[in-house]
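Colleague: What follows is final00.csv, made up of CSV, C-alpha atoms and all ligand atoms:
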```csv
chain,number,residue,atom,x,y,z
A,1,MET,CA,-45.8,-10.5,-5.9
A,2,VAL,CA,-47.9,-8.3,-3.6
A,3,VAL,CA,-49.5,-9.7,-0.5
A,4,ARG,CA,-52.1,-7.6,1.3
A,5,LEU,CA,-53.9,-8.3,4.5
A,6,ASN,CA,-57.6,-7.4,4.7
A,7,ILE,CA,-58.6,-3.9,5.6
A,8,ASN,CA,-61.2,-3.5,8.3
A,9,ILE,CA,-63.2,-0.3,7.5
A,10,ALA,CA,-64.2,0.2,11.2
A,11,VAL,CA,-60.5,0.1,12.2
A,12,GLU,CA,-59.5,2.4,9.3
A,13,ASN,CA,-62.1,5.0,10.6
A,14,ASN,CA,-60.2,5.3,13.9
A,15,ILE,CA,-56.9,5.9,12.3
A,16,LYS,CA,-55.2,9.3,12.8
A,17,ASN,CA,-51.7,8.6,11.7
A,18,THR,CA,-50.5,6.5,8.8
A,19,TYR,CA,-46.9,5.3,8.7
A,20,PHE,CA,-45.0,3.5,6.0
A,21,ILE,CA,-42.0,1.5,7.1
A,22,THR,CA,-39.5,0.2,4.5
A,23,GLY,CA,-37.6,-2.9,5.6
A,24,VAL,CA,-40.3,-3.8,8.1
A,25,ALA,CA,-39.4,-7.5,8.2
A,26,GLY,CA,-35.9,-6.5,9.3
A,27,PHE,CA,-34.4,-6.1,12.7
A,28,ILE,CA,-35.0,-2.4,13.4
A,29,GLY,CA,-38.0,-1.9,11.1
A,30,SER,CA,-40.0,-4.6,12.9
A,31,HIS,CA,-39.2,-3.0,16.3
A,32,ILE,CA,-40.4,0.4,15.0
A,33,ALA,CA,-43.6,-1.2,13.8
A,34,GLU,CA,-44.2,-3.0,17.1
A,35,GLU,CA,-43.7,0.3,19.0
A,36,LEU,CA,-46.1,2.2,16.7
A,37,LEU,CA,-48.8,-0.5,17.0
A,38,LYS,CA,-49.1,0.2,20.7
A,39,ASN,CA,-51.2,3.3,19.7
A,40,ASN,CA,-54.6,2.3,18.4
A,41,ASN,CA,-54.8,5.4,16.3
A,42,ASN,CA,-51.8,4.3,14.2
A,43,LEU,CA,-52.0,2.4,10.9
A,44,ILE,CA,-48.7,0.9,9.7
A,45,ILE,CA,-48.0,-0.1,6.2
A,46,GLY,CA,-44.8,-2.1,5.6
A,47,ILE,CA,-42.8,-3.3,2.7
A,48,ASP,CA,-39.9,-5.8,2.5
A,49,ASN,CA,-38.5,-8.1,-0.1
A,50,PHE,CA,-37.0,-10.5,2.5
A,51,TYR,CA,-33.5,-9.9,1.3
A,52,SER,CA,-32.3,-10.2,4.9
A,53,GLY,CA,-35.7,-9.7,6.7
A,54,LYS,CA,-37.6,-12.6,8.0
A,55,LYS,CA,-41.3,-13.7,7.7
A,56,GLU,CA,-41.2,-14.6,11.4
A,57,ASN,CA,-40.5,-10.9,12.3
A,58,LEU,CA,-43.9,-10.1,10.9
A,59,LYS,CA,-45.8,-12.6,13.1
A,60,MET,CA,-46.1,-10.4,16.2
A,61,LEU,CA,-47.2,-7.4,14.0
A,62,LYS,CA,-50.2,-9.3,12.6
A,63,CYS,CA,-53.4,-7.2,13.3
A,64,ASP,CA,-56.0,-5.1,11.5
A,65,ARG,CA,-53.8,-2.0,11.8
A,66,PHE,CA,-50.8,-3.5,10.0
A,67,LYS,CA,-50.7,-4.1,6.3
A,68,PHE,CA,-47.8,-5.7,4.5
A,69,TYR,CA,-46.6,-5.6,0.9
A,70,GLU,CA,-44.0,-8.1,-0.3
A,71,GLY,CA,-42.1,-5.9,-2.7
A,72,ASP,CA,-39.0,-4.1,-3.6
A,73,ILE,CA,-38.0,-0.4,-3.0
A,74,ARG,CA,-36.4,-0.5,-6.5
A,75,ASP,CA,-40.0,-0.6,-7.8
A,76,PHE,CA,-41.0,3.1,-8.0
A,77,GLU,CA,-44.5,2.4,-9.3
A,78,LEU,CA,-45.3,0.1,-6.4
A,79,LEU,CA,-44.0,2.7,-3.9
A,80,LYS,CA,-46.2,5.4,-5.5
A,81,LYS,CA,-49.2,3.1,-5.4
A,82,ILE,CA,-48.8,2.2,-1.8
A,83,ILE,CA,-48.2,5.7,-0.6
A,84,PHE,CA,-51.1,7.1,-2.6
A,85,THR,CA,-53.6,4.3,-1.7
A,86,HIS,CA,-53.0,4.5,2.0
A,87,LYS,CA,-52.6,8.3,2.1
A,88,VAL,CA,-49.3,7.8,3.9
A,89,GLN,CA,-48.2,10.7,6.1
A,90,TYR,CA,-45.0,9.6,7.7
A,91,VAL,CA,-42.2,7.3,6.3
A,92,PHE,CA,-39.5,5.4,8.3
A,93,HIS,CA,-36.9,4.4,5.7
A,94,GLU,CA,-35.1,1.3,7.0
A,95,ALA,CA,-34.7,-0.9,4.0
A,96,ALA,CA,-31.2,-1.4,2.8
A,97,ILE,CA,-28.5,-3.9,2.1
A,98,ALA,CA,-26.7,-3.1,5.4
A,99,SER,CA,-23.4,-4.7,4.7
A,100,VAL,CA,-20.0,-3.3,4.0
A,101,GLN,CA,-18.8,-6.7,2.8
A,102,LYS,CA,-21.7,-7.1,0.3
A,103,SER,CA,-21.1,-3.5,-1.0
A,104,VAL,CA,-17.4,-4.2,-1.6
A,105,GLU,CA,-18.3,-7.4,-3.5
A,106,ASP,CA,-21.3,-6.0,-5.5
A,107,PRO,CA,-21.4,-2.2,-5.4
A,108,LEU,CA,-23.8,-2.0,-8.4
A,109,LEU,CA,-26.4,-4.0,-6.5
A,110,THR,CA,-26.0,-2.2,-3.1
A,111,ASN,CA,-26.1,1.2,-4.9
A,112,GLU,CA,-29.4,0.3,-6.6
A,113,VAL,CA,-31.0,-0.6,-3.3
A,114,ASN,CA,-29.3,1.8,-1.0
A,115,VAL,CA,-29.2,4.9,-3.1
A,116,LYS,CA,-31.7,4.5,-6.0
A,117,GLY,CA,-34.2,2.9,-3.5
A,118,THR,CA,-33.8,5.9,-1.2
A,119,LEU,CA,-34.4,8.3,-4.2
A,120,ASN,CA,-37.5,6.3,-5.1
A,121,ILE,CA,-38.9,6.7,-1.6
A,122,LEU,CA,-38.2,10.4,-1.6
A,123,GLU,CA,-39.8,11.0,-5.0
A,124,ALA,CA,-42.8,8.8,-4.3
A,125,SER,CA,-43.3,10.7,-1.0
A,126,LYS,CA,-42.9,14.1,-2.6
A,127,GLN,CA,-45.4,13.3,-5.3
A,128,ASN,CA,-48.0,12.2,-2.7
A,129,ASN,CA,-47.5,14.9,-0.1
A,130,VAL,CA,-45.9,12.9,2.7
A,131,LYS,CA,-45.3,15.1,5.7
A,132,ARG,CA,-42.0,13.7,6.9
A,133,ILE,CA,-39.4,11.0,6.4
A,134,VAL,CA,-36.9,9.7,9.0
A,135,TYR,CA,-33.9,8.0,7.4
A,136,SER,CA,-31.7,5.3,9.0
A,137,SER,CA,-28.2,6.4,8.3
A,138,SER,CA,-25.1,5.0,10.0
A,139,CYS,CA,-21.9,5.9,11.8
A,140,VAL,CA,-20.2,4.1,8.8
A,141,VAL,CA,-20.2,7.6,7.1
A,142,PHE,CA,-17.3,8.5,9.5
A,143,GLY,CA,-15.0,5.8,8.1
A,144,ASP,CA,-11.9,5.2,10.1
A,145,GLU,CA,-11.0,8.8,10.8
A,146,ILE,CA,-9.6,8.5,14.3
A,147,THR,CA,-11.0,11.5,16.2
A,148,LEU,CA,-13.4,10.3,18.9
A,149,PRO,CA,-16.1,10.7,20.1
A,150,LYS,CA,-18.0,11.4,16.9
A,151,ASN,CA,-20.7,14.0,16.7
A,152,GLU,CA,-22.8,15.6,14.0
A,153,ASN,CA,-19.9,17.9,13.0
A,154,SER,CA,-17.2,15.2,12.8
A,155,ILE,CA,-15.3,14.7,9.6
A,156,ILE,CA,-17.1,12.5,7.1
A,157,ALA,CA,-14.7,10.0,5.4
A,158,PRO,CA,-16.4,6.8,4.3
A,159,ILE,CA,-14.2,3.9,3.2
A,160,SER,CA,-16.6,1.5,1.6
A,161,PRO,CA,-19.4,1.7,-1.1
A,162,TYR,CA,-21.9,1.1,1.7
A,163,GLY,CA,-20.5,4.1,3.6
A,164,TYR,CA,-20.9,6.3,0.5
A,165,GLU,CA,-24.4,5.0,-0.2
A,166,LYS,CA,-25.5,5.9,3.3
A,167,LEU,CA,-23.9,9.4,2.9
A,168,MET,CA,-25.5,9.9,-0.5
A,169,SER,CA,-28.9,8.9,0.9
A,170,GLU,CA,-28.4,11.5,3.7
A,171,GLN,CA,-27.6,14.1,1.1
A,172,TYR,CA,-30.6,13.2,-1.0
A,173,MET,CA,-32.7,13.6,2.2
A,174,ASP,CA,-31.2,17.1,2.7
A,175,LEU,CA,-31.8,18.0,-0.9
A,176,TYR,CA,-35.5,17.0,-0.9
A,177,ASN,CA,-35.9,19.0,2.3
A,178,ASN,CA,-34.2,22.1,0.9
A,179,LEU,CA,-35.4,21.9,-2.7
A,180,TYR,CA,-39.0,20.6,-2.3
A,181,GLY,CA,-39.8,21.3,1.3
A,182,LEU,CA,-40.3,17.7,2.2
A,183,GLU,CA,-39.3,17.4,5.8
A,184,THR,CA,-36.5,14.9,6.3
A,185,ILE,CA,-34.4,13.8,9.3
A,186,ASN,CA,-31.2,11.7,9.2
A,187,LEU,CA,-30.5,9.4,12.2
A,188,ARG,CA,-26.9,8.1,12.3
A,189,TYR,CA,-27.2,4.9,14.3
A,190,PHE,CA,-24.2,3.5,16.0
A,191,ASN,CA,-24.2,-0.2,16.9
A,192,VAL,CA,-27.8,-1.3,17.4
A,193,TYR,CA,-28.4,-4.6,19.2
A,194,GLY,CA,-31.4,-6.5,20.6
A,195,SER,CA,-33.8,-9.4,19.9
A,196,ARG,CA,-34.4,-10.5,16.2
A,197,GLN,CA,-30.9,-9.3,15.2
A,198,ASP,CA,-29.2,-11.7,12.7
A,199,TYR,CA,-25.8,-13.2,13.6
A,200,SER,CA,-24.5,-11.9,10.4
A,201,SER,CA,-25.1,-8.2,11.3
A,202,GLU,CA,-21.9,-6.2,11.0
A,203,TYR,CA,-23.3,-3.9,13.7
A,204,GLY,CA,-24.4,-5.9,16.7
A,205,GLY,CA,-23.9,-9.4,15.4
A,206,VAL,CA,-21.3,-10.0,18.0
A,207,ILE,CA,-24.0,-9.8,20.7
A,208,SER,CA,-26.3,-12.3,19.0
A,209,ILE,CA,-23.3,-14.6,18.5
A,210,PHE,CA,-22.2,-14.4,22.1
A,211,GLU,CA,-25.8,-15.1,23.3
A,212,ASP,CA,-26.0,-18.2,21.1
A,213,LYS,CA,-22.5,-19.4,22.2
A,214,PHE,CA,-23.3,-18.9,25.8
A,215,GLN,CA,-26.7,-20.7,25.5
A,216,LYS,CA,-24.9,-23.7,23.9
A,217,GLY,CA,-21.9,-23.5,26.3
A,218,THR,CA,-19.3,-23.2,23.4
A,219,SER,CA,-16.4,-20.8,23.3
A,220,PRO,CA,-16.8,-17.7,21.2
A,221,THR,CA,-14.1,-16.3,19.0
A,222,ILE,CA,-12.7,-12.9,19.7
A,223,PHE,CA,-10.7,-11.1,16.8
A,224,GLY,CA,-7.6,-9.3,18.0
A,225,ASP,CA,-7.0,-8.5,21.7
A,226,GLY,CA,-10.7,-7.7,22.4
A,227,LYS,CA,-9.8,-4.2,23.6
A,228,GLN,CA,-11.5,-2.6,20.5
A,229,TYR,CA,-14.7,-0.8,21.5
A,230,ARG,CA,-18.0,0.2,20.1
A,231,ASP,CA,-21.1,2.1,21.2
A,232,TYR,CA,-24.0,-0.3,21.5
A,233,ILE,CA,-27.6,1.1,21.6
A,234,TYR,CA,-30.7,-0.9,22.4
A,235,VAL,CA,-33.1,-1.5,19.5
A,236,LYS,CA,-36.2,-0.6,21.6
A,237,ASP,CA,-34.6,2.8,22.4
A,238,ILE,CA,-33.8,3.2,18.7
A,239,ALA,CA,-37.5,2.5,17.8
A,240,ARG,CA,-38.6,5.2,20.3
A,241,ILE,CA,-36.0,7.7,19.1
A,242,ASN,CA,-37.3,7.2,15.5
A,243,ILE,CA,-40.8,8.1,16.7
A,244,LYS,CA,-39.7,11.1,18.7
A,245,ALA,CA,-37.7,12.4,15.8
A,246,MET,CA,-40.7,11.9,13.5
A,247,HIS,CA,-43.0,14.0,15.8
A,248,GLN,CA,-40.7,16.9,16.7
A,249,LYS,CA,-42.2,20.3,16.0
A,250,SER,CA,-41.2,21.7,12.6
A,251,LYS,CA,-39.9,24.9,14.2
A,252,GLY,CA,-36.4,24.3,15.4
A,253,MET,CA,-36.5,20.7,14.1
A,254,ILE,CA,-33.2,18.7,14.6
A,255,ARG,CA,-32.4,17.2,11.2
A,256,LEU,CA,-29.3,15.2,11.9
A,257,ILE,CA,-28.8,13.1,15.0
A,258,CYS,CA,-26.0,10.7,16.1
A,259,CYS,CA,-27.7,7.9,17.9
A,260,GLY,CA,-25.5,6.2,20.4
A,261,THR,CA,-25.2,6.0,24.2
A,262,GLY,CA,-21.8,7.7,24.6
A,263,VAL,CA,-20.6,4.6,26.4
A,264,LYS,CA,-17.5,2.6,25.1
A,265,THR,CA,-17.8,-1.1,25.4
A,266,SER,CA,-14.9,-3.4,24.5
A,267,VAL,CA,-15.4,-6.9,23.2
A,268,ASN,CA,-13.7,-8.2,26.4
A,269,LYS,CA,-16.2,-6.2,28.5
A,270,LEU,CA,-19.1,-7.6,26.4
A,271,PHE,CA,-17.7,-11.1,27.0
A,272,ASP,CA,-17.7,-10.5,30.8
A,273,ILE,CA,-21.3,-9.2,30.7
A,274,PHE,CA,-22.4,-12.5,29.0
A,275,LYS,CA,-20.4,-14.5,31.6
A,276,ASN,CA,-22.4,-12.8,34.3
A,277,LYS,CA,-25.7,-13.2,32.5
A,278,HIS,CA,-25.3,-16.9,32.0
A,279,ASN,CA,-23.2,-17.6,35.0
A,280,LYS,CA,-20.8,-19.6,32.9
A,281,ASP,CA,-17.0,-19.3,33.0
A,282,LEU,CA,-16.3,-19.9,29.2
A,283,GLN,CA,-12.9,-19.1,27.8
A,284,ALA,CA,-12.8,-17.0,24.6
A,285,ASN,CA,-10.8,-18.1,21.6
A,286,TYR,CA,-8.6,-15.2,20.6
A,287,VAL,CA,-7.6,-15.1,16.9
A,288,LYS,CA,-5.9,-12.5,14.6
A,289,ALA,CA,-7.7,-9.2,14.1
A,290,ARG,CA,-9.8,-8.8,11.0
A,291,GLU,CA,-8.4,-6.6,8.4
A,292,GLY,CA,-10.2,-3.4,7.3
A,293,GLU,CA,-12.4,-3.2,10.5
A,294,VAL,CA,-12.8,0.2,12.2
A,295,LYS,CA,-11.0,-0.3,15.5
A,296,ASP,CA,-12.9,1.9,17.9
A,297,SER,CA,-16.1,3.9,17.7
A,298,VAL,CA,-18.1,6.0,20.2
A,299,CYS,CA,-20.7,8.7,19.9
A,300,ASN,CA,-21.1,12.1,21.6
A,301,ASN,CA,-24.8,11.9,22.0
A,302,SER,CA,-25.6,15.4,23.4
A,303,ARG,CA,-27.9,16.3,20.5
A,304,LEU,CA,-29.8,13.0,20.9
A,305,ILE,CA,-30.2,13.8,24.6
A,306,LYS,CA,-31.8,17.1,23.6
A,307,LEU,CA,-34.4,15.1,21.6
A,308,VAL,CA,-35.2,12.4,24.1
A,309,LYS,CA,-34.9,14.7,27.1
A,310,SER,CA,-35.3,12.8,30.4
A,311,GLU,CA,-36.2,9.5,28.7
A,312,LYS,CA,-34.0,6.7,29.9
A,313,VAL,CA,-31.4,5.1,27.6
A,314,THR,CA,-31.2,1.3,28.4
A,315,LYS,CA,-28.0,0.1,30.0
A,316,LEU,CA,-26.2,-2.5,28.0
A,317,GLU,CA,-26.4,-5.1,30.8
A,318,ASP,CA,-30.2,-4.6,31.0
A,319,GLY,CA,-30.7,-4.8,27.2
A,320,ILE,CA,-28.6,-8.0,27.1
A,321,LEU,CA,-30.7,-9.5,29.8
A,322,ASP,CA,-33.7,-9.0,27.6
A,323,LEU,CA,-32.4,-10.9,24.6
B,1,LIG,N1,-28.3,-2.5,12.9
B,1,LIG,C1,-27.5,-1.5,13.1
B,1,LIG,O1,-26.8,-1.4,14.1
B,1,LIG,C2,-27.5,-0.3,12.1
B,1,LIG,C3,-26.6,0.7,12.3
B,1,LIG,C4,-26.6,1.8,11.4
B,1,LIG,C5,-27.5,1.9,10.3
B,1,LIG,N2,-28.4,0.8,10.2
B,1,LIG,C6,-29.4,1.0,9.1
B,1,LIG,O2,-30.6,0.7,9.6
B,1,LIG,C7,-31.5,0.1,8.7
B,1,LIG,C8,-32.1,-1.2,9.2
B,1,LIG,O3,-31.0,-2.0,9.5
B,1,LIG,P1,-31.2,-3.5,10.2
B,1,LIG,O4,-30.1,-3.7,11.1
B,1,LIG,O5,-32.6,-3.6,10.7
B,1,LIG,O6,-31.0,-4.4,9.0
B,1,LIG,P2,-31.9,-5.6,8.4
B,1,LIG,O7,-31.1,-6.2,7.3
B,1,LIG,O8,-32.4,-6.4,9.5
B,1,LIG,O9,-33.1,-4.8,7.7
B,1,LIG,C9,-33.1,-4.3,6.4
B,1,LIG,C10,-34.4,-4.7,5.8
B,1,LIG,O10,-34.5,-4.2,4.5
B,1,LIG,C11,-35.0,-5.2,3.6
B,1,LIG,N3,-34.6,-4.9,2.2
B,1,LIG,C12,-33.3,-5.0,1.7
B,1,LIG,N4,-33.4,-4.7,0.4
B,1,LIG,C13,-34.7,-4.4,0.1
B,1,LIG,C14,-35.3,-4.0,-1.1
B,1,LIG,N5,-34.7,-3.9,-2.3
B,1,LIG,N6,-36.7,-3.8,-1.1
B,1,LIG,C15,-37.4,-3.9,0.1
B,1,LIG,N7,-36.8,-4.3,1.3
B,1,LIG,C16,-35.4,-4.5,1.2
B,1,LIG,C17,-34.4,-6.5,4.1
B,1,LIG,O11,-35.1,-7.6,3.7
B,1,LIG,C18,-34.5,-6.2,5.6
B,1,LIG,O12,-35.7,-6.7,6.1
B,1,LIG,C19,-30.6,-0.1,7.4
B,1,LIG,O13,-30.8,1.0,6.6
B,1,LIG,C20,-29.2,0.0,8.0
B,1,LIG,O14,-28.3,0.5,7.0
B,1,LIG,C21,-28.4,-0.2,11.0
```
In C-alpha cells, write the structure found in this file.
Modeller:
Amino acid sequence: MVVRLNINIAVENNIKNTYFITGVAGFIGSHIAEELLKNNNNLIIGIDNFYSGKKENLKMLKCDRFKFYEGDIRDFELLKKIIFTHKVQYVFHEAAIASVQKSVEDPLLTNEVNVKGTLNILEASKQNNVKRIVYSSSCVVFGDEITLPKNENSIIAPISPYGYEKLMSEQYMDLYNNLYGLETINLRYFNVYGSRQDYSSEYGGVISIFEDKFQKGTSPTIFGDGKQYRDYIYVKDIARINIKAMHQKSKGMIRLICCGTGVKTSVNKLFDIFKNKHNKDLQANYVKAREGEVKDSVCNNSRLIKLVKSEKVTKLEDGILDL
C-alpha cells in the first residue's frame, strides 16, 4: 500500500534540494530527516515498510516538505516511480534488516533486503540521474579480526551474513561509481546511540536498555566481566555527518569513512555514566559472556575529522543526558 501526504505547490516551488531517505521510520533515518527539515529549501521523500521502523518516528517529521511512502525497497518499480516523480537528487540509503542474529537465522530474507534492496536503489537512481548516494555501512565488515583501532584500510573479515551483505552493498556502491559515474559514498558507522533507538538494536541497544532499567530502578544485566568496549557515536552527529558527506565537493571527494569517536567505552564505564546521570546506586547483574560477540571495537576517526573539520563530536556523557 502506498500512503502519500498532500503536496503543497507553493512549498514545492521553494524547494532547491530533494532527498530520498530509505528506512526513514527507523532510528538513524528519522534523525537524518529531522536534520534536513531544518532547512526550508529541502524536500524529503521517505520510504519504509515498518519492518523495524515505527510510525511514531514519523510524527515529528509531519510537514509540507516531508512525503512518506509505505513501501518496500525490494519493489524496484516503486523505487523508480518515487525517484522519477519527485526528481530526487540525493539518496540516503538507511533501510536494512540491521541484525546479525536475523541474518544467521534467515540469510535469504536479509540478503533480499540488504543486498538486492541496495542494488534496486542504485539502479533506480542511475536510471533517473540521481546526483549522489550516501550508504550506511557498518563496522561489522571488520568481523572479529583483532587489530585495533580500525580505519578505512583495516582488514575486512566479516563473520556473518549481515557482515557480508553490508560489504557487498559497499562494493555495489563502488561499482556504480566506477562503472556508471553515479557518485557514491560508504559510511561505516560504529555503535550509534540516541533517542528513538530500539532496545533490540545490536549496536547501541545496551544504552536504551540501561536508560530503561535506571528509570525503573531495576538492575541491568551485564554479559561477561563488562570490560569489553565499543565506540559509541551520537545519532545527531551521525545525521550531520551524512549531510556533510553528501555535500562534499566532487573533486577530492572522500568515498569511504569510518564513523566513530575514537573513544573506547567499556560496559562497566557505561554503567557508571548511568549511575551518575540518574544518581542511583544500582548493582549490575553479571552473567556469562554471550558467544560469538565481537569483544572490543574502536575506530581511528582521522578521516572523519577531515570531513567534519572543527565541528564538535558529542561526548558520550552529554549524548546520554539527552536521551
Ligand atoms: N544503529 C547503528 O549503530 C548502526 C551501525 C552500523 C550500521 N547501521 C546501518 O544503518 C542503517 C540504519 O540503521 P538503524 O539503526 O536506524 O536501524 P533501524 O532498524 O531503526 O532502521 C532500518 C529501517 O529500515 C526499514 N526497512 C527494513 N527493511 C525494509 C524494506 N524491505 N523496505 C523498506 N524499509 C525497510 C525498517 O523498517 C527501519 O525503519 C542500517 O542500514 C544499518 O545496517 C546502523
Colleague: List all protein, DNA and RNA residues that have at least one atom no more than 6 Å from any atom of ligand LIG 1 (chain B), counting only C-alpha atoms and all ligand atoms, and write them as a ChimeraX atom specification.
Modeller: /A:23-29,48-53,71-74,94-98,113,136-138,189-192,203-204
Colleague: Could you state the separation of atom CA of Ile320 of chain A and atom CA of Glu202 of chain A in Å, given to one decimal place?
Modeller: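 Computing the Euclidean distance for atom CA of Ile320 of chain A and atom CA of Glu202 of chain A yields 17.5 Å.
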Colleague: Given the choices A:His247, A:Leu79, A:Asn111, A:Tyr164, which gets closest to Glu123 of chain A if the distance is worked out from all atoms listed in the file?
Modeller: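 The shortest atom-to-atom distance to Glu123 of chain A comes from A:Leu79.
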Colleague: Which one of A:Ile209, A:Leu122, A:Ile146, A:Ile241 sits closest to Leu179 of chain A if you count only C-alpha atoms?
Modeller: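 Closest to Leu179 of chain A of all the choices is A:Leu122.
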Colleague: Find the residues near segment 157-161 of chain A: any atom within 12 Å, counting all atoms listed in the file, skip ones fewer than 5 places away on the same chain, and give them as a ChimeraX atom specification.
Modeller: /A:97-112,114-115,138-147,166-168,292-294
Colleague: Nearest to Glu165 of chain A: which of A:Lys116, A:Lys306, A:Lys312, A:Arg196 is it, counting all atoms listed in the file?
Modeller: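 Checking each of A:Lys116, A:Lys306, A:Lys312, A:Arg196 against Glu165 of chain A, counting all atoms listed in the file, the winner is A:Lys116.
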Colleague: When distances are computed from only C-alpha atoms, which of A:Leu321, A:Ile47, A:Ala245, A:Met253 shows the smallest separation from Asn276 of chain A?
Modeller: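 Nearest to Asn276 of chain A: A:Leu321.
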